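To be precise, the following lines are my_file_4.tsv, and they hold TSV, C-alpha atoms.
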```
chain	number	residue	atom	x	y	z
X	576	MET	CA	32.24	56.18	-66.22
X	577	THR	CA	32.96	59.90	-66.08
X	578	VAL	CA	29.77	61.95	-66.30
X	579	ASP	CA	30.47	65.27	-64.51
X	580	THR	CA	26.84	66.08	-63.63
X	581	TRP	CA	24.96	66.73	-60.40
X	582	PHE	CA	23.19	64.62	-57.79
X	583	THR	CA	20.27	66.44	-56.15
X	584	GLU	CA	19.02	65.37	-52.73
X	585	GLU	CA	15.46	66.38	-51.85
X	586	LEU	CA	15.07	64.81	-48.42
X	587	HIS	CA	13.55	67.98	-46.96
X	588	CYS	CA	10.65	69.68	-48.72
X	589	ASP	CA	12.07	73.20	-48.40
X	590	ALA	CA	15.76	72.55	-49.07
X	591	GLN	CA	17.94	70.73	-51.57
X	592	GLN	CA	21.55	69.62	-51.61
X	593	LYS	CA	23.59	69.18	-54.78
X	594	LEU	CA	26.81	67.18	-55.08
X	595	ARG	CA	28.82	67.01	-58.30
X	596	ILE	CA	29.11	63.54	-59.78
X	597	GLU	CA	32.63	63.40	-61.16
X	598	THR	CA	32.49	59.65	-61.81
X	599	GLN	CA	29.48	57.35	-61.57
X	600	ILE	CA	30.60	54.17	-59.80
X	601	PHE	CA	27.29	52.31	-59.49
X	602	ARG	CA	23.61	52.92	-59.96
X	603	GLY	CA	20.96	50.24	-59.60
X	604	ARG	CA	18.23	48.78	-57.45
X	605	THR	CA	18.48	46.04	-54.84
X	606	ALA	CA	15.42	44.22	-53.53
X	607	PHE	CA	14.86	47.07	-51.09
X	608	GLN	CA	16.14	50.38	-52.43
X	609	VAL	CA	17.79	52.38	-55.19
X	610	VAL	CA	21.56	52.54	-54.65
X	611	GLU	CA	23.85	55.15	-56.15
X	612	ILE	CA	27.60	55.41	-55.56
X	613	PHE	CA	29.62	58.14	-57.19
X	614	GLU	CA	32.89	60.03	-56.87
X	615	ASN	CA	32.91	63.68	-55.79
X	616	PRO	CA	36.10	65.80	-55.76
X	617	THR	CA	35.54	67.02	-52.18
X	618	HIS	CA	33.68	64.14	-50.56
X	619	GLY	CA	35.34	61.18	-52.22
X	620	ARG	CA	32.95	58.30	-52.84
X	621	VAL	CA	29.37	59.01	-51.87
X	622	LEU	CA	26.65	56.46	-51.03
X	623	CYS	CA	23.02	57.43	-51.68
X	624	LEU	CA	19.91	55.35	-51.00
X	625	ASP	CA	16.55	56.23	-52.54
X	626	GLY	CA	17.87	59.66	-53.47
X	627	VAL	CA	19.27	60.52	-50.03
X	628	VAL	CA	22.97	60.86	-49.14
X	629	GLN	CA	23.89	58.25	-46.53
X	630	THR	CA	27.65	58.62	-46.13
X	631	THR	CA	30.77	59.92	-47.83
X	632	GLU	CA	34.38	58.91	-47.51
X	633	ALA	CA	35.36	62.43	-46.45
X	634	ASP	CA	33.10	62.85	-43.42
X	635	GLU	CA	31.82	59.39	-42.46
X	636	ALA	CA	34.03	59.35	-39.37
X	637	TYR	CA	32.15	62.32	-37.90
X	638	TYR	CA	29.04	60.15	-37.85
X	639	HIS	CA	30.38	56.68	-37.12
X	640	GLU	CA	32.66	57.71	-34.28
X	641	MET	CA	29.91	59.67	-32.55
X	642	LEU	CA	27.41	56.85	-32.96
X	643	VAL	CA	29.76	54.26	-31.47
X	644	HIS	CA	32.23	55.68	-28.96
X	645	PRO	CA	29.94	57.54	-26.51
X	646	ALA	CA	28.03	54.31	-25.96
X	647	LEU	CA	31.01	51.96	-25.71
X	648	PHE	CA	33.11	54.25	-23.56
X	649	GLY	CA	30.03	55.10	-21.52
X	650	HIS	CA	29.33	51.44	-20.82
X	651	GLY	CA	32.93	50.70	-19.92
X	652	SER	CA	33.00	46.89	-20.20
X	653	VAL	CA	31.39	45.91	-23.49
X	654	ARG	CA	31.77	42.34	-24.66
X	655	ASN	CA	29.04	41.84	-27.25
X	656	VAL	CA	27.51	44.45	-29.55
X	657	LEU	CA	24.52	44.27	-31.89
X	658	ILE	CA	24.47	46.61	-34.89
X	659	ILE	CA	21.17	47.05	-36.71
X	660	GLY	CA	21.81	48.41	-40.21
X	661	GLY	CA	25.27	49.73	-40.97
X	662	ALA	CA	25.75	48.05	-44.36
X	663	ASP	CA	28.68	50.34	-45.20
X	664	GLY	CA	30.70	48.83	-42.33
X	665	GLY	CA	31.75	52.11	-40.68
X	666	THR	CA	29.98	51.40	-37.41
X	667	LEU	CA	31.34	47.85	-37.37
X	668	ARG	CA	34.84	49.24	-37.93
X	669	GLU	CA	34.57	51.58	-34.95
X	670	VAL	CA	33.07	48.92	-32.67
X	671	LEU	CA	35.93	46.55	-33.46
X	672	ARG	CA	38.45	49.16	-32.36
X	673	HIS	CA	37.30	48.24	-28.84
X	674	PRO	CA	38.23	44.92	-27.19
X	675	VAL	CA	34.81	43.37	-27.81
X	676	GLU	CA	34.35	39.61	-28.05
X	677	HIS	CA	32.04	39.79	-31.03
X	678	ALA	CA	29.86	42.20	-32.98
X	679	VAL	CA	26.74	41.04	-34.79
X	680	LEU	CA	25.62	43.17	-37.74
X	681	VAL	CA	22.07	42.67	-39.02
X	682	ASP	CA	21.12	44.55	-42.20
X	683	ILE	CA	18.06	43.87	-44.30
X	684	ASP	CA	19.91	44.43	-47.58
X	685	ALA	CA	22.58	41.81	-48.21
X	686	GLU	CA	23.28	43.16	-51.69
X	687	LEU	CA	23.99	46.60	-50.28
X	688	ILE	CA	26.61	45.15	-47.94
X	689	THR	CA	28.34	43.59	-50.95
X	690	LEU	CA	28.17	46.83	-52.93
X	691	CYS	CA	29.72	48.80	-50.07
X	692	ARG	CA	32.47	46.26	-49.57
X	693	THR	CA	33.21	46.33	-53.30
X	694	HIS	CA	32.97	50.04	-54.08
X	695	MET	CA	33.65	51.76	-50.73
X	696	PRO	CA	36.09	49.45	-48.94
X	697	SER	CA	37.84	52.28	-47.10
X	698	ILE	CA	34.81	52.75	-44.85
X	699	SER	CA	34.74	49.21	-43.46
X	700	ALA	CA	38.56	49.05	-43.59
X	701	GLY	CA	38.60	45.25	-43.32
X	702	ALA	CA	36.05	45.06	-40.49
X	703	PHE	CA	33.90	42.49	-42.30
X	704	ASP	CA	36.89	40.13	-42.35
X	705	ASP	CA	37.54	40.43	-38.61
X	706	ALA	CA	36.99	37.12	-36.82
X	707	ARG	CA	34.84	38.90	-34.22
X	708	ALA	CA	32.36	40.14	-36.84
X	709	VAL	CA	29.16	38.19	-37.52
X	710	VAL	CA	27.14	39.47	-40.49
X	711	LEU	CA	23.52	38.33	-40.69
X	712	PRO	CA	21.45	39.66	-43.59
X	713	GLY	CA	17.92	40.09	-42.31
X	714	ASP	CA	15.30	42.34	-40.75
X	715	GLY	CA	16.59	43.99	-37.57
X	716	VAL	CA	13.05	44.39	-36.20
X	717	VAL	CA	12.49	40.64	-36.49
X	718	PHE	CA	15.95	39.82	-35.14
X	719	VAL	CA	15.53	41.66	-31.83
X	720	ALA	CA	12.06	40.16	-31.45
X	721	GLU	CA	13.26	36.58	-31.88
X	722	THR	CA	16.94	36.20	-30.95
X	723	TYR	CA	18.06	34.42	-27.80
X	724	GLU	CA	21.39	36.26	-27.81
X	725	ARG	CA	22.08	39.03	-25.32
X	726	PHE	CA	24.18	42.14	-25.86
X	727	ASP	CA	25.79	44.91	-23.85
X	728	VAL	CA	25.07	47.59	-26.44
X	729	VAL	CA	22.64	47.80	-29.37
X	730	ILE	CA	23.55	50.35	-32.06
X	731	VAL	CA	20.94	51.31	-34.63
X	732	ASP	CA	22.71	52.63	-37.73
X	733	SER	CA	19.71	53.06	-39.99
X	734	THR	CA	18.35	55.27	-42.72
X	735	ASP	CA	15.62	57.80	-41.89
X	736	PRO	CA	12.20	56.52	-40.71
X	737	VAL	CA	10.77	55.82	-44.16
X	738	GLY	CA	10.57	52.59	-46.13
X	739	PRO	CA	12.38	49.58	-44.65
X	740	SER	CA	13.64	51.56	-41.62
X	741	THR	CA	10.25	52.75	-40.32
X	742	GLY	CA	9.97	50.03	-37.70
X	743	LEU	CA	13.37	50.92	-36.19
X	744	PHE	CA	11.95	54.11	-34.67
X	745	ARG	CA	8.88	52.66	-32.95
X	746	GLU	CA	8.22	51.76	-29.33
X	747	ALA	CA	7.79	48.04	-30.06
X	748	PHE	CA	11.29	47.89	-31.54
X	749	PHE	CA	12.83	49.63	-28.52
X	750	ARG	CA	11.03	47.19	-26.22
X	751	ASN	CA	12.67	44.32	-28.01
X	752	CYS	CA	16.03	46.10	-27.86
X	753	ARG	CA	15.56	46.26	-24.11
X	754	ARG	CA	14.74	42.53	-24.11
X	755	VAL	CA	18.06	41.62	-25.72
X	756	LEU	CA	20.19	43.90	-23.53
X	757	ARG	CA	22.15	42.58	-20.59
X	758	GLU	CA	21.82	44.36	-17.27
X	759	GLY	CA	23.55	47.74	-17.51
X	760	GLY	CA	23.27	47.81	-21.29
X	761	LEU	CA	22.07	50.57	-23.55
X	762	VAL	CA	20.73	51.26	-27.02
X	763	VAL	CA	21.88	54.14	-29.21
X	764	SER	CA	20.51	55.22	-32.59
X	765	GLN	CA	20.79	57.94	-35.19
X	766	ASN	CA	17.93	60.41	-34.91
X	767	GLY	CA	18.09	62.66	-37.94
X	768	VAL	CA	18.78	66.39	-38.21
X	769	PRO	CA	16.77	68.32	-35.59
X	770	PHE	CA	16.52	71.50	-37.67
X	771	TYR	CA	14.63	69.75	-40.47
X	772	GLN	CA	13.27	66.68	-38.66
X	773	PRO	CA	12.03	67.92	-35.25
X	774	GLN	CA	8.98	65.66	-35.23
X	775	GLU	CA	10.97	62.53	-36.02
X	776	LEU	CA	13.39	63.45	-33.25
X	777	THR	CA	10.57	64.03	-30.74
X	778	ASP	CA	8.67	60.88	-31.65
X	779	ALA	CA	11.69	58.57	-31.46
X	780	HIS	CA	12.80	60.08	-28.13
X	781	LEU	CA	9.33	59.62	-26.63
X	782	HIS	CA	9.25	56.01	-27.81
X	783	ARG	CA	12.64	55.33	-26.16
X	784	ALA	CA	11.62	57.16	-22.99
X	785	ALA	CA	8.45	55.06	-22.76
X	786	VAL	CA	10.59	51.90	-22.68
X	787	PHE	CA	13.74	52.80	-20.75
X	788	ALA	CA	14.10	54.29	-17.29
X	789	ARG	CA	16.67	56.72	-18.69
X	790	ALA	CA	16.80	58.26	-22.14
X	791	GLY	CA	18.59	61.18	-23.71
X	792	LEU	CA	19.97	62.85	-26.80
X	793	TYR	CA	23.27	64.24	-28.01
X	794	SER	CA	24.44	65.75	-31.28
X	795	ALA	CA	27.43	66.16	-33.56
X	796	PRO	CA	28.14	68.12	-36.77
X	797	VAL	CA	28.24	65.99	-39.91
X	798	PRO	CA	28.91	68.23	-42.94
X	799	THR	CA	27.05	66.18	-45.54
X	800	TYR	CA	23.79	65.95	-43.60
X	801	VAL	CA	21.81	69.04	-44.55
X	802	GLY	CA	20.77	71.10	-41.55
X	803	GLY	CA	23.98	71.13	-39.53
X	804	TYR	CA	23.89	68.94	-36.46
X	805	MET	CA	22.98	65.25	-36.46
X	806	ALA	CA	21.09	63.93	-33.44
X	807	PHE	CA	21.68	60.63	-31.66
X	808	GLY	CA	19.39	59.10	-29.06
X	809	TRP	CA	20.09	56.61	-26.29
X	810	GLY	CA	18.15	54.59	-23.73
X	811	SER	CA	19.09	52.45	-20.73
X	812	ASP	CA	17.49	51.18	-17.54
X	813	SER	CA	20.48	51.97	-15.34
X	814	LEU	CA	23.22	53.77	-17.28
X	815	ASP	CA	23.55	57.47	-18.04
X	816	PRO	CA	26.60	57.90	-20.30
X	817	GLY	CA	26.48	61.66	-19.86
X	818	ALA	CA	26.86	61.40	-16.08
X	819	ILE	CA	30.25	59.68	-16.11
X	820	GLU	CA	32.94	61.81	-14.48
X	821	ALA	CA	35.51	63.23	-16.88
X	822	ARG	CA	38.40	61.59	-15.01
X	823	GLU	CA	36.83	58.15	-15.31
X	824	LEU	CA	36.07	58.68	-18.99
X	825	GLU	CA	39.65	59.76	-19.64
X	826	ARG	CA	40.88	56.62	-17.89
X	827	ARG	CA	38.72	54.39	-20.07
X	828	ILE	CA	39.87	56.14	-23.23
X	829	ALA	CA	43.54	55.86	-22.23
X	830	GLU	CA	43.11	52.11	-21.67
X	831	ARG	CA	42.02	51.63	-25.28
X	832	GLY	CA	45.29	52.93	-26.69
X	833	GLU	CA	46.54	55.91	-28.63
X	834	GLY	CA	44.41	55.45	-31.73
X	835	LEU	CA	41.11	55.49	-29.90
X	836	ALA	CA	42.28	58.27	-27.61
X	837	GLN	CA	42.92	60.45	-30.66
X	838	ALA	CA	39.48	59.61	-32.07
X	839	ALA	CA	37.84	60.54	-28.78
X	840	GLU	CA	39.53	63.94	-28.81
```
Output the file's structure as structure tokens, nothing else.
Amino acid sequence: MTVDTWFTEELHCDAQQKLRIETQIFRGRTAFQVVEIFENPTHGRVLCLDGVVQTTEADEAYYHEMLVHPALFGHGSVRNVLIIGGADGGTLREVLRHPVEHAVLVDIDAELITLCRTHMPSISAGAFDDARAVVLPGDGVVFVAETYERFDVVIVDSTDPVGPSTGLFREAFFRNCRRVLREGGLVVSQNGVPFYQPQELTDAHLHRAAVFARAGLYSAPVPTYVGGYMAFGWGSDSLDPGAIEARELERRIAERGEGLAQAAE
């Protein structure tokens, strides 16, 4: 349906973002959140949850590549990856560009996964059909508390710390992430926009630092996220991805092939 109106995001109390809705693709409510997908002339298809822009076809790679590749290249020998959240499939897509044995994706909203696969298939790019992908609808907080599986990397691709994602930013969750990590593993998560969300950034970092021997932050520009740079946080008991020598990192990237080498650049 062509509507040619405007979507207004009010995530931050002192700033708004408006995106033109050229065509409304979907609007409705799942068991957990309000979902809106629309077409924008600049951004392509846009996914919004509870009134907040989550991803767009035009700039999703800025986010997904920076969430995934520093951790996987930093680890160097990843076999099994756990993704908490990530219903749109972009993080799963990037993980499966590495020679992993399997990637488990746990998202609380099974209907959202279906909506993204149906209306935004370019983001997952077939990743959900990869034999290495295991999709488990469910609560990520409960999963890391109860699973017997072990992983080399845990990636938390969540919404902001409100509603169903609140528990993914707390110390108890990070302790359970540590429990499911193999020796030498690490956890990485999105951490909001520092300019507008400094307290959320500080709190989540302190929670990770209370659990892991090493913890840090890095950032990347993602045009659609209001406030400029998006923050990512990581934690590990033995690994510091930022301390890897450039020559060694270049070697690991070259081993993955031309496509991943270009993404890393």
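Using all atoms listed in the file, the nearest neighbour of Val755 (chain X) within the list X:Leu743, X:Ala662, X:Val768, X:Val728 is X:Val728.
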Point to revise | Selection: 9 Å around region 616-624 of chain X, all atoms listed in the file, excl. self and same-chain fewer than 3 positions, as a list in words | key: Glu584, Leu594, Arg595, Ile596, Glu597, Ile600, Gln608, Val609, Val610, Glu611, Ile612, Phe613, Val627, Val628, Gln629, Thr630, Thr631, Glu632, Ala633, Asp634, Asp663, Cys691, His694, Met695, Thr734 and Thr799 of chain X
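Minimum atom-to-atom distance to Glu676 (chain X), evaluated using all atoms listed in the file, belongs to X:Asp727 out of X:Asp727, X:Asp778, X:Glu758, X:Glu635.
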Practice item. Identify the residues around (22.9, 42.9, -25.1) within a radius of 9 Å, measuring from only C-alpha atoms in the coordinates stated by the file, and give them as a PyMOL selection string. Key: chain X and resi 654-657+724-729+752-758+760-762
Review point. Which one of X:Glu669, X:Glu686, X:Asp732, X:Asp589 sits closest to Gly802 (chain X) if you count all atoms listed in the file?
Key: X:Asp589
Practice item. Please identify all polymer residues within 8 Å of Ala702 (chain X), counting all atoms listed in the file, omitting same-chain residues fewer than 2 positions from it, and present them as a list in words. Key: Gly664, Leu667, Arg668, Leu671, Ser699, Ala700, Asp704, Asp705 and Ala708 of chain X
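CA of Val670 (chain X) lies 6.4 Å from CA of Val643 (chain X).
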Identify the residues within 8 Å of coordinate (22.1, 55.6, -25.2) (same frame as the file), considering all atoms listed in the file, and give the answer as a PDB file with C-alpha atoms, in the frame of the given file.
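Contents of point-v1.pdb, freshly written:
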```pdb
ATOM      1  CA  ALA X 646      28.030  54.310 -25.960  1.00  0.00           C
ATOM      2  CA  LEU X 761      22.070  50.570 -23.550  1.00  0.00           C
ATOM      3  CA  VAL X 762      20.730  51.260 -27.020  1.00  0.00           C
ATOM      4  CA  VAL X 763      21.880  54.140 -29.210  1.00  0.00           C
ATOM      5  CA  SER X 764      20.510  55.220 -32.590  1.00  0.00           C
ATOM      6  CA  ALA X 790      16.800  58.260 -22.140  1.00  0.00           C
ATOM      7  CA  GLY X 791      18.590  61.180 -23.710  1.00  0.00           C
ATOM      8  CA  LEU X 792      19.970  62.850 -26.800  1.00  0.00           C
ATOM      9  CA  GLY X 808      19.390  59.100 -29.060  1.00  0.00           C
ATOM     10  CA  TRP X 809      20.090  56.610 -26.290  1.00  0.00           C
ATOM     11  CA  GLY X 810      18.150  54.590 -23.730  1.00  0.00           C
ATOM     12  CA  SER X 811      19.090  52.450 -20.730  1.00  0.00           C
ATOM     13  CA  ASP X 815      23.550  57.470 -18.040  1.00  0.00           C
ATOM     14  CA  PRO X 816      26.600  57.900 -20.300  1.00  0.00           C
TER      15      PRO X 816
END
```
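Of the residues listed (X:Gly651, X:Gly603, X:Pro712, X:Gly767), X:Gly603 shows the shortest atom-to-atom separation from Leu690 (chain X); distances use all atoms listed in the file.
Proximity ranking of X:Ala606, X:Val710, X:Ala829, X:Phe703 relative to His673 (chain X) places X:Ala829 first, based on all atoms listed in the file.
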Study note, to complete from the structure: Of X:Thr741, X:Thr583, X:Ser813, X:Gln765, the one nearest to Met641 (chain X) when counting all atoms listed in the file is X:Gln765
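Our summary of the geometry notes that CA of Val731 (chain X) is positioned 13.5 Å from CA of Leu647 (chain X).
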